Every structure is written in structure tokens, then in C-alpha cells.
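These notes concern the structure reproduced below.
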Amino acid sequence: MNPPLRPLRGIALLLVALLAFASFDATAKFLATRYPLPMLVWVRYTLPCLLLLAWFGPRQGRGLVATRHPGTQIVRALLLVTCTGSGMAAVRTIPLAEATAILFVAPLLVTLAAGPVLGERVPRRAWAATAIGFAGVLLIARPGTHLDAAGCALMLLAAVSFAAYQLLTRRLAATDRSLVTLFYSMSVGALVMTLGLPLYGSRIDPPALHLLLIASLGIWGMLGHFLLIRAFAHAPASSLSPFLYCQLVWATLLGWLAFGDLPDWITACGIALIAAAGLAIAMGQRQRGQPPA
């Protein structure tokens, strides 16, 4: 028997999950200007991988890697590594609010690609909302702005990678267990980054606080995903999807408190356009009974 839904509890869990994701970005921004970026990505995947192995390995055994589509799982995991690496590189030079807003182009890209890739019908309203969202990106990364062009390009690469990652996640959801997909996400990233460790594993001697922050990169992501799963266990996706854009609020707040960054009014309008476009698509999916992108 399924547990009763508790929408308010689900929303509360979702908001804390989004705070965890924003905290990951803020921590990455602080560390990425001080330590080798590949090493930070390595920690982000290796620590969760070891925790998953320690917790689930003895009980799951080979079931932890049992998949019908190993190639798709590996490609999906590599896309997530690309998203993480390019996103971390981007937040070194652009503020958290702007970076998060550009990343939220990913659901718009998923909506456009769902037609040719997944065979889903894309209504005209979704096309219009996507155009509005891209107009928001142009306002954020407009010529003459203080934002670093390379940082914006890296964040767009992260958004494209994340969109492709979400599309493959939809495909795998029909055949593979969530735990298996999560383990591939962490283990492939850990393996790839470990193979390259001799290239960037130079000796560093960070203070104790920085060591805790580096370790927290692996914790924030795991905590966020765990709370996200629990949130969807307490409330339907259609109820939670409009609140996903609260991550923009957390990113703006942390960017201001930790780094003194606040968007100007034109950039704020661009962020608002991206959020409005995403909300319009989410509400349209809710009316049609589809899961959010």
C-alpha cells in the first residue's frame, strides 16, 4: 500500500533539496578559484560512489550494476560529468544567480528535443515559452554586460549536457531501477576522473576548513538528490514542478551573502523570463498529465 501524499511536506523537502544544490554551487565557486578543478570534480563523484558501495553494495551485489542498456548508462553519466565540470568552471567567473538561470535553460531544451527524440508532441505554447526563455538568456549574457563571455558559454554547455542527460534519464526510467542509474552516475564519473588523477593530482595542503568544504561537494549532491526523491514520495510531480525555480532564489541569496553579487535590473528581467518560461512549460505538462522535464 502506497503511503498517503503530504504535499506540504513534499514542498518543504524540495525547497531544502534545492538549497543543497545551490550550496553545492556556492561551495564550488569558492573552491574552484583556489584548487584544481578536476580534483574537485573527482571528489564530487568519488565520495558518493564510495558511500553507495558501502551502503548498498553488500545487499545489492551485482544488482547494483544490472542494466539492460550499459552503453546508455555510461553516456548519460559522462554527460553529467561534462555538466558538472563546465558548470564548476563557469561559476569561477560568473555569479551564482546568472549561472543558475542559464542552467535552467535545460528544461526548455528537453521540451524541444522531446518531440524528435522521445516522440512526444510539443504544443505551440511550449515553443513560445522556449523562445521567451532564450530571450532571457540573451538579456543575461548581452553584449557589454559585466559577465564573462567564456563563463556564459561554459554554462550553456552545462545546460545542453544536462538536457541530454535528462532525455537519457527518461529513456532509462522505463527499464532500469533508480538506484542502478544513480550508481552509474557516480561510479562512471569517479572512474573517469580517477584515471586522469595523475595529470592533475598535484600535492595540495588545504586548511581543515577547506578540507571540509571539499568533502562537502560530495555530500551536497547526495543530500539534494535524496531529499528530492523523498519530496516526490510525498507529493506528485505536478505539484512540485513549479517550485523547482526556487533554486534561483537560493542562488541569488547565497551569491549575495557569500560573494556580494546581485544581478542588475536587466539581468533580473532575464532571470524572470527564464523562470516564467519554465513555469509555463511545467504548468502545461501538469495540465496534460506529463512528468516535468
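Naming works like this for the C-alpha cells: A, B, ... for the chains as they're shown, residue 1 at the start of each chain, ligands 1 onward in shown order.
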**Message:** as a count of residues only, please: the residues near Tyr45 (chain A) (cut-off 12 Å, only C-alpha atoms, same-chain neighbours under 2 positions excluded).
**Reply:** 40
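Checking A:Ala272, A:Thr100, A:Ala106, A:Arg124 one by one against Leu18 (chain A), counting only C-alpha atoms, you find the shortest gap at A:Thr100.
Once Phe21 (chain A) and its same-chain neighbours fewer than 5 positions away are set aside, Val16, Ala26, Trp220, Gly221, Leu223, Gly224, His225, Gln247 and Ala251 of chain A remain within 9 Å of it when counting only C-alpha atoms.
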Would you list, as a PDB file with N, CA and C atoms, in the first residue's frame, the residues of region 60-156 of chain A that end up in helix (DSSP H, G or I) under DSSP run on this structure's backbone?
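Final output, part_32.pdb:
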```pdb
ATOM      1  N   GLN A  60      23.068  -5.417  -2.387  1.00  0.00           N
ATOM      2  CA  GLN A  60      22.663  -5.460  -3.792  1.00  0.00           C
ATOM      3  C   GLN A  60      23.569  -6.354  -4.638  1.00  0.00           C
ATOM      4  N   GLY A  61      24.855  -6.393  -4.304  1.00  0.00           N
ATOM      5  CA  GLY A  61      25.792  -7.179  -5.098  1.00  0.00           C
ATOM      6  C   GLY A  61      25.813  -6.709  -6.545  1.00  0.00           C
ATOM      7  N   ARG A  62      25.732  -7.687  -7.470  1.00  0.00           N
ATOM      8  CA  ARG A  62      25.751  -7.341  -8.892  1.00  0.00           C
ATOM      9  C   ARG A  62      24.497  -6.585  -9.317  1.00  0.00           C
ATOM     10  N   GLY A  63      23.457  -6.676  -8.499  1.00  0.00           N
ATOM     11  CA  GLY A  63      22.236  -5.956  -8.838  1.00  0.00           C
ATOM     12  C   GLY A  63      22.434  -4.454  -8.906  1.00  0.00           C
ATOM     13  N   LEU A  64      23.506  -3.955  -8.292  1.00  0.00           N
ATOM     14  CA  LEU A  64      23.778  -2.529  -8.298  1.00  0.00           C
ATOM     15  C   LEU A  64      24.193  -2.032  -9.680  1.00  0.00           C
ATOM     16  N   VAL A  65      24.663  -2.954 -10.529  1.00  0.00           N
ATOM     17  CA  VAL A  65      25.084  -2.569 -11.884  1.00  0.00           C
ATOM     18  C   VAL A  65      24.270  -3.298 -12.957  1.00  0.00           C
ATOM     19  N   PRO A  70      23.799  -0.761 -20.825  1.00  0.00           N
ATOM     20  CA  PRO A  70      25.032  -0.234 -20.210  1.00  0.00           C
ATOM     21  C   PRO A  70      25.622   0.938 -20.988  1.00  0.00           C
ATOM     22  N   GLY A  71      25.537   0.881 -22.331  1.00  0.00           N
ATOM     23  CA  GLY A  71      26.071   1.979 -23.127  1.00  0.00           C
ATOM     24  C   GLY A  71      25.360   3.290 -22.855  1.00  0.00           C
ATOM     25  N   THR A  72      24.036   3.235 -22.767  1.00  0.00           N
ATOM     26  CA  THR A  72      23.256   4.440 -22.483  1.00  0.00           C
ATOM     27  C   THR A  72      23.563   4.963 -21.085  1.00  0.00           C
ATOM     28  N   GLN A  73      23.716   4.048 -20.133  1.00  0.00           N
ATOM     29  CA  GLN A  73      24.053   4.470 -18.772  1.00  0.00           C
ATOM     30  C   GLN A  73      25.401   5.202 -18.741  1.00  0.00           C
ATOM     31  N   ILE A  74      26.374   4.686 -19.469  1.00  0.00           N
ATOM     32  CA  ILE A  74      27.707   5.292 -19.471  1.00  0.00           C
ATOM     33  C   ILE A  74      27.674   6.662 -20.144  1.00  0.00           C
ATOM     34  N   VAL A  75      26.993   6.749 -21.286  1.00  0.00           N
ATOM     35  CA  VAL A  75      26.896   8.037 -21.983  1.00  0.00           C
ATOM     36  C   VAL A  75      26.184   9.061 -21.100  1.00  0.00           C
ATOM     37  N   ARG A  76      25.106   8.638 -20.460  1.00  0.00           N
ATOM     38  CA  ARG A  76      24.364   9.531 -19.562  1.00  0.00           C
ATOM     39  C   ARG A  76      25.259  10.041 -18.447  1.00  0.00           C
ATOM     40  N   ALA A  77      26.049   9.133 -17.846  1.00  0.00           N
ATOM     41  CA  ALA A  77      26.938   9.533 -16.756  1.00  0.00           C
ATOM     42  C   ALA A  77      28.018  10.500 -17.247  1.00  0.00           C
ATOM     43  N   LEU A  78      28.539  10.278 -18.449  1.00  0.00           N
ATOM     44  CA  LEU A  78      29.558  11.177 -18.992  1.00  0.00           C
ATOM     45  C   LEU A  78      28.976  12.568 -19.263  1.00  0.00           C
ATOM     46  N   LEU A  79      27.716  12.611 -19.673  1.00  0.00           N
ATOM     47  CA  LEU A  79      27.058  13.909 -19.859  1.00  0.00           C
ATOM     48  C   LEU A  79      26.953  14.659 -18.534  1.00  0.00           C
ATOM     49  N   LEU A  80      26.681  13.930 -17.456  1.00  0.00           N
ATOM     50  CA  LEU A  80      26.588  14.571 -16.145  1.00  0.00           C
ATOM     51  C   LEU A  80      27.958  15.087 -15.703  1.00  0.00           C
ATOM     52  N   VAL A  81      29.023  14.331 -15.984  1.00  0.00           N
ATOM     53  CA  VAL A  81      30.376  14.794 -15.668  1.00  0.00           C
ATOM     54  C   VAL A  81      30.686  16.079 -16.434  1.00  0.00           C
ATOM     55  N   THR A  82      30.299  16.105 -17.712  1.00  0.00           N
ATOM     56  CA  THR A  82      30.504  17.310 -18.521  1.00  0.00           C
ATOM     57  C   THR A  82      29.745  18.489 -17.933  1.00  0.00           C
ATOM     58  N   CYS A  83      28.504  18.248 -17.518  1.00  0.00           N
ATOM     59  CA  CYS A  83      27.709  19.297 -16.904  1.00  0.00           C
ATOM     60  C   CYS A  83      28.362  19.816 -15.630  1.00  0.00           C
ATOM     61  N   THR A  84      28.839  18.902 -14.796  1.00  0.00           N
ATOM     62  CA  THR A  84      29.466  19.298 -13.536  1.00  0.00           C
ATOM     63  C   THR A  84      30.739  20.095 -13.775  1.00  0.00           C
ATOM     64  N   GLY A  85      31.607  19.570 -14.636  1.00  0.00           N
ATOM     65  CA  GLY A  85      32.886  20.235 -14.883  1.00  0.00           C
ATOM     66  C   GLY A  85      32.724  21.612 -15.506  1.00  0.00           C
ATOM     67  N   SER A  86      31.880  21.710 -16.533  1.00  0.00           N
ATOM     68  CA  SER A  86      31.687  23.005 -17.189  1.00  0.00           C
ATOM     69  C   SER A  86      30.956  23.976 -16.267  1.00  0.00           C
ATOM     70  N   GLY A  87      30.014  23.466 -15.453  1.00  0.00           N
ATOM     71  CA  GLY A  87      29.321  24.331 -14.507  1.00  0.00           C
ATOM     72  C   GLY A  87      30.263  24.882 -13.451  1.00  0.00           C
ATOM     73  N   MET A  88      31.144  24.019 -12.908  1.00  0.00           N
ATOM     74  CA  MET A  88      32.116  24.489 -11.918  1.00  0.00           C
ATOM     75  C   MET A  88      33.055  25.522 -12.525  1.00  0.00           C
ATOM     76  N   ALA A  89      33.487  25.279 -13.759  1.00  0.00           N
ATOM     77  CA  ALA A  89      34.377  26.231 -14.423  1.00  0.00           C
ATOM     78  C   ALA A  89      33.666  27.565 -14.641  1.00  0.00           C
ATOM     79  N   ALA A  90      32.379  27.504 -14.942  1.00  0.00           N
ATOM     80  CA  ALA A  90      31.626  28.722 -15.223  1.00  0.00           C
ATOM     81  C   ALA A  90      31.464  29.589 -13.978  1.00  0.00           C
ATOM     82  N   VAL A  91      31.156  28.960 -12.831  1.00  0.00           N
ATOM     83  CA  VAL A  91      30.882  29.773 -11.630  1.00  0.00           C
ATOM     84  C   VAL A  91      32.151  30.394 -11.059  1.00  0.00           C
ATOM     85  N   LEU A  96      26.427  33.344  -9.133  1.00  0.00           N
ATOM     86  CA  LEU A  96      25.595  32.149  -8.980  1.00  0.00           C
ATOM     87  C   LEU A  96      24.216  32.323  -9.585  1.00  0.00           C
ATOM     88  N   ALA A  97      23.586  33.481  -9.378  1.00  0.00           N
ATOM     89  CA  ALA A  97      22.226  33.677  -9.879  1.00  0.00           C
ATOM     90  C   ALA A  97      22.181  33.556 -11.395  1.00  0.00           C
ATOM     91  N   GLU A  98      23.119  34.234 -12.081  1.00  0.00           N
ATOM     92  CA  GLU A  98      23.153  34.184 -13.533  1.00  0.00           C
ATOM     93  C   GLU A  98      23.479  32.774 -14.032  1.00  0.00           C
ATOM     94  N   ALA A  99      24.432  32.108 -13.361  1.00  0.00           N
ATOM     95  CA  ALA A  99      24.807  30.756 -13.765  1.00  0.00           C
ATOM     96  C   ALA A  99      23.627  29.794 -13.621  1.00  0.00           C
ATOM     97  N   THR A 100      22.924  29.887 -12.510  1.00  0.00           N
ATOM     98  CA  THR A 100      21.775  29.010 -12.277  1.00  0.00           C
ATOM     99  C   THR A 100      20.673  29.271 -13.294  1.00  0.00           C
ATOM    100  N   ALA A 101      20.451  30.546 -13.613  1.00  0.00           N
ATOM    101  CA  ALA A 101      19.418  30.889 -14.590  1.00  0.00           C
ATOM    102  C   ALA A 101      19.737  30.291 -15.955  1.00  0.00           C
ATOM    103  N   ILE A 102      20.998  30.366 -16.379  1.00  0.00           N
ATOM    104  CA  ILE A 102      21.378  29.788 -17.670  1.00  0.00           C
ATOM    105  C   ILE A 102      21.211  28.272 -17.642  1.00  0.00           C
ATOM    106  N   LEU A 103      21.552  27.639 -16.515  1.00  0.00           N
ATOM    107  CA  LEU A 103      21.372  26.191 -16.416  1.00  0.00           C
ATOM    108  C   LEU A 103      19.911  25.797 -16.557  1.00  0.00           C
ATOM    109  N   ALA A 106      17.972  24.218 -19.542  1.00  0.00           N
ATOM    110  CA  ALA A 106      17.930  22.778 -19.831  1.00  0.00           C
ATOM    111  C   ALA A 106      16.505  22.239 -19.972  1.00  0.00           C
ATOM    112  N   PRO A 107      15.554  22.548 -19.050  1.00  0.00           N
ATOM    113  CA  PRO A 107      14.191  22.046 -19.250  1.00  0.00           C
ATOM    114  C   PRO A 107      13.549  22.531 -20.549  1.00  0.00           C
ATOM    115  N   LEU A 108      13.911  23.734 -20.982  1.00  0.00           N
ATOM    116  CA  LEU A 108      13.382  24.232 -22.244  1.00  0.00           C
ATOM    117  C   LEU A 108      13.931  23.411 -23.408  1.00  0.00           C
ATOM    118  N   LEU A 109      15.230  23.086 -23.343  1.00  0.00           N
ATOM    119  CA  LEU A 109      15.830  22.260 -24.387  1.00  0.00           C
ATOM    120  C   LEU A 109      15.229  20.859 -24.393  1.00  0.00           C
ATOM    121  N   VAL A 110      14.960  20.323 -23.201  1.00  0.00           N
ATOM    122  CA  VAL A 110      14.337  19.000 -23.118  1.00  0.00           C
ATOM    123  C   VAL A 110      12.965  19.015 -23.785  1.00  0.00           C
ATOM    124  N   THR A 111      12.210  20.078 -23.559  1.00  0.00           N
ATOM    125  CA  THR A 111      10.882  20.197 -24.171  1.00  0.00           C
ATOM    126  C   THR A 111      10.967  20.178 -25.685  1.00  0.00           C
ATOM    127  N   LEU A 112      11.934  20.913 -26.250  1.00  0.00           N
ATOM    128  CA  LEU A 112      12.079  20.952 -27.705  1.00  0.00           C
ATOM    129  C   LEU A 112      12.545  19.608 -28.262  1.00  0.00           C
ATOM    130  N   ALA A 113      13.455  18.953 -27.532  1.00  0.00           N
ATOM    131  CA  ALA A 113      14.001  17.694 -28.027  1.00  0.00           C
ATOM    132  C   ALA A 113      13.089  16.505 -27.778  1.00  0.00           C
ATOM    133  N   ALA A 114      12.099  16.671 -26.890  1.00  0.00           N
ATOM    134  CA  ALA A 114      11.216  15.538 -26.568  1.00  0.00           C
ATOM    135  C   ALA A 114      10.451  15.060 -27.791  1.00  0.00           C
ATOM    136  N   GLY A 115      10.169  15.959 -28.724  1.00  0.00           N
ATOM    137  CA  GLY A 115       9.446  15.550 -29.930  1.00  0.00           C
ATOM    138  C   GLY A 115      10.249  14.609 -30.800  1.00  0.00           C
ATOM    139  N   PRO A 116      11.387  15.054 -31.363  1.00  0.00           N
ATOM    140  CA  PRO A 116      12.158  14.169 -32.243  1.00  0.00           C
ATOM    141  C   PRO A 116      12.832  12.999 -31.535  1.00  0.00           C
ATOM    142  N   VAL A 117      13.197  13.169 -30.255  1.00  0.00           N
ATOM    143  CA  VAL A 117      13.944  12.119 -29.554  1.00  0.00           C
ATOM    144  C   VAL A 117      13.014  11.103 -28.896  1.00  0.00           C
ATOM    145  N   LEU A 118      11.971  11.585 -28.213  1.00  0.00           N
ATOM    146  CA  LEU A 118      11.084  10.696 -27.461  1.00  0.00           C
ATOM    147  C   LEU A 118       9.726  10.496 -28.127  1.00  0.00           C
ATOM    148  N   ARG A 124       2.318  24.334 -29.301  1.00  0.00           N
ATOM    149  CA  ARG A 124       2.811  25.656 -29.698  1.00  0.00           C
ATOM    150  C   ARG A 124       3.170  26.512 -28.489  1.00  0.00           C
ATOM    151  N   ARG A 125       2.417  26.353 -27.406  1.00  0.00           N
ATOM    152  CA  ARG A 125       2.693  27.151 -26.215  1.00  0.00           C
ATOM    153  C   ARG A 125       4.095  26.861 -25.681  1.00  0.00           C
ATOM    154  N   ALA A 126       4.531  25.602 -25.800  1.00  0.00           N
ATOM    155  CA  ALA A 126       5.866  25.256 -25.329  1.00  0.00           C
ATOM    156  C   ALA A 126       6.933  25.906 -26.205  1.00  0.00           C
ATOM    157  N   TRP A 127       6.695  25.966 -27.520  1.00  0.00           N
ATOM    158  CA  TRP A 127       7.637  26.644 -28.418  1.00  0.00           C
ATOM    159  C   TRP A 127       7.734  28.123 -28.055  1.00  0.00           C
ATOM    160  N   ALA A 128       6.599  28.757 -27.787  1.00  0.00           N
ATOM    161  CA  ALA A 128       6.592  30.173 -27.428  1.00  0.00           C
ATOM    162  C   ALA A 128       7.322  30.405 -26.110  1.00  0.00           C
ATOM    163  N   ALA A 129       7.068  29.535 -25.134  1.00  0.00           N
ATOM    164  CA  ALA A 129       7.732  29.670 -23.839  1.00  0.00           C
ATOM    165  C   ALA A 129       9.240  29.493 -23.978  1.00  0.00           C
ATOM    166  N   THR A 130       9.669  28.577 -24.834  1.00  0.00           N
ATOM    167  CA  THR A 130      11.098  28.356 -25.051  1.00  0.00           C
ATOM    168  C   THR A 130      11.749  29.588 -25.668  1.00  0.00           C
ATOM    169  N   ALA A 131      11.070  30.207 -26.622  1.00  0.00           N
ATOM    170  CA  ALA A 131      11.594  31.435 -27.236  1.00  0.00           C
ATOM    171  C   ALA A 131      11.753  32.534 -26.185  1.00  0.00           C
ATOM    172  N   ILE A 132      10.780  32.639 -25.284  1.00  0.00           N
ATOM    173  CA  ILE A 132      10.865  33.627 -24.213  1.00  0.00           C
ATOM    174  C   ILE A 132      12.051  33.316 -23.290  1.00  0.00           C
ATOM    175  N   GLY A 133      12.239  32.041 -22.992  1.00  0.00           N
ATOM    176  CA  GLY A 133      13.360  31.653 -22.144  1.00  0.00           C
ATOM    177  C   GLY A 133      14.701  32.003 -22.760  1.00  0.00           C
ATOM    178  N   PHE A 134      14.841  31.776 -24.059  1.00  0.00           N
ATOM    179  CA  PHE A 134      16.097  32.118 -24.714  1.00  0.00           C
ATOM    180  C   PHE A 134      16.290  33.632 -24.790  1.00  0.00           C
ATOM    181  N   ALA A 135      15.197  34.384 -24.875  1.00  0.00           N
ATOM    182  CA  ALA A 135      15.299  35.844 -24.799  1.00  0.00           C
ATOM    183  C   ALA A 135      15.862  36.258 -23.442  1.00  0.00           C
ATOM    184  N   GLY A 136      15.460  35.537 -22.397  1.00  0.00           N
ATOM    185  CA  GLY A 136      16.011  35.800 -21.075  1.00  0.00           C
ATOM    186  C   GLY A 136      17.507  35.555 -21.016  1.00  0.00           C
ATOM    187  N   VAL A 137      17.978  34.491 -21.676  1.00  0.00           N
ATOM    188  CA  VAL A 137      19.416  34.215 -21.715  1.00  0.00           C
ATOM    189  C   VAL A 137      20.164  35.354 -22.402  1.00  0.00           C
ATOM    190  N   LEU A 138      19.585  35.872 -23.490  1.00  0.00           N
ATOM    191  CA  LEU A 138      20.228  36.974 -24.205  1.00  0.00           C
ATOM    192  C   LEU A 138      20.316  38.230 -23.330  1.00  0.00           C
ATOM    193  N   LEU A 139      19.312  38.444 -22.495  1.00  0.00           N
ATOM    194  CA  LEU A 139      19.375  39.585 -21.580  1.00  0.00           C
ATOM    195  C   LEU A 139      20.473  39.410 -20.541  1.00  0.00           C
ATOM    196  N   ILE A 140      20.641  38.163 -20.070  1.00  0.00           N
ATOM    197  CA  ILE A 140      21.671  37.896 -19.063  1.00  0.00           C
ATOM    198  C   ILE A 140      23.067  38.039 -19.668  1.00  0.00           C
ATOM    199  N   ALA A 149      32.217  36.227 -20.985  1.00  0.00           N
ATOM    200  CA  ALA A 149      31.613  35.510 -22.112  1.00  0.00           C
ATOM    201  C   ALA A 149      31.956  34.019 -22.074  1.00  0.00           C
ATOM    202  N   ALA A 150      33.199  33.695 -21.721  1.00  0.00           N
ATOM    203  CA  ALA A 150      33.598  32.286 -21.653  1.00  0.00           C
ATOM    204  C   ALA A 150      32.813  31.562 -20.560  1.00  0.00           C
ATOM    205  N   GLY A 151      32.583  32.236 -19.434  1.00  0.00           N
ATOM    206  CA  GLY A 151      31.808  31.626 -18.364  1.00  0.00           C
ATOM    207  C   GLY A 151      30.382  31.344 -18.787  1.00  0.00           C
ATOM    208  N   CYS A 152      29.774  32.292 -19.516  1.00  0.00           N
ATOM    209  CA  CYS A 152      28.410  32.082 -20.013  1.00  0.00           C
ATOM    210  C   CYS A 152      28.367  30.914 -21.003  1.00  0.00           C
ATOM    211  N   ALA A 153      29.389  30.827 -21.875  1.00  0.00           N
ATOM    212  CA  ALA A 153      29.440  29.734 -22.847  1.00  0.00           C
ATOM    213  C   ALA A 153      29.580  28.385 -22.139  1.00  0.00           C
ATOM    214  N   LEU A 154      30.404  28.341 -21.097  1.00  0.00           N
ATOM    215  CA  LEU A 154      30.560  27.099 -20.332  1.00  0.00           C
ATOM    216  C   LEU A 154      29.253  26.709 -19.651  1.00  0.00           C
ATOM    217  N   MET A 155      28.507  27.699 -19.168  1.00  0.00           N
ATOM    218  CA  MET A 155      27.241  27.393 -18.506  1.00  0.00           C
ATOM    219  C   MET A 155      26.213  26.916 -19.523  1.00  0.00           C
ATOM    220  N   LEU A 156      26.253  27.444 -20.732  1.00  0.00           N
ATOM    221  CA  LEU A 156      25.370  26.938 -21.789  1.00  0.00           C
ATOM    222  C   LEU A 156      25.729  25.497 -22.141  1.00  0.00           C
TER     223      LEU A 156
END
```
**Request:** Compare A:Leu254, A:Ala280, A:Leu157, A:Leu262 by their minimum atom-to-atom distance to Asp25 (chain A), counting only C-alpha atoms, and give me the closest one.
**Result:** A:Leu254
**Fill in**
Nearest to Leu13 (chain A), restricted to only C-alpha atoms and choosing among A:Leu240, A:Phe259, A:Ile266, A:Met283, comes out as A:Leu240
**Prompt:** So how many Å separate CA of Ala235 (chain A) and CA of Gly10 (chain A), to one decimal?
**Reply:** 5.1 Å
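One finds CA of Leu8 (chain A) at 13.4 Å from CA of Ser241 (chain A).
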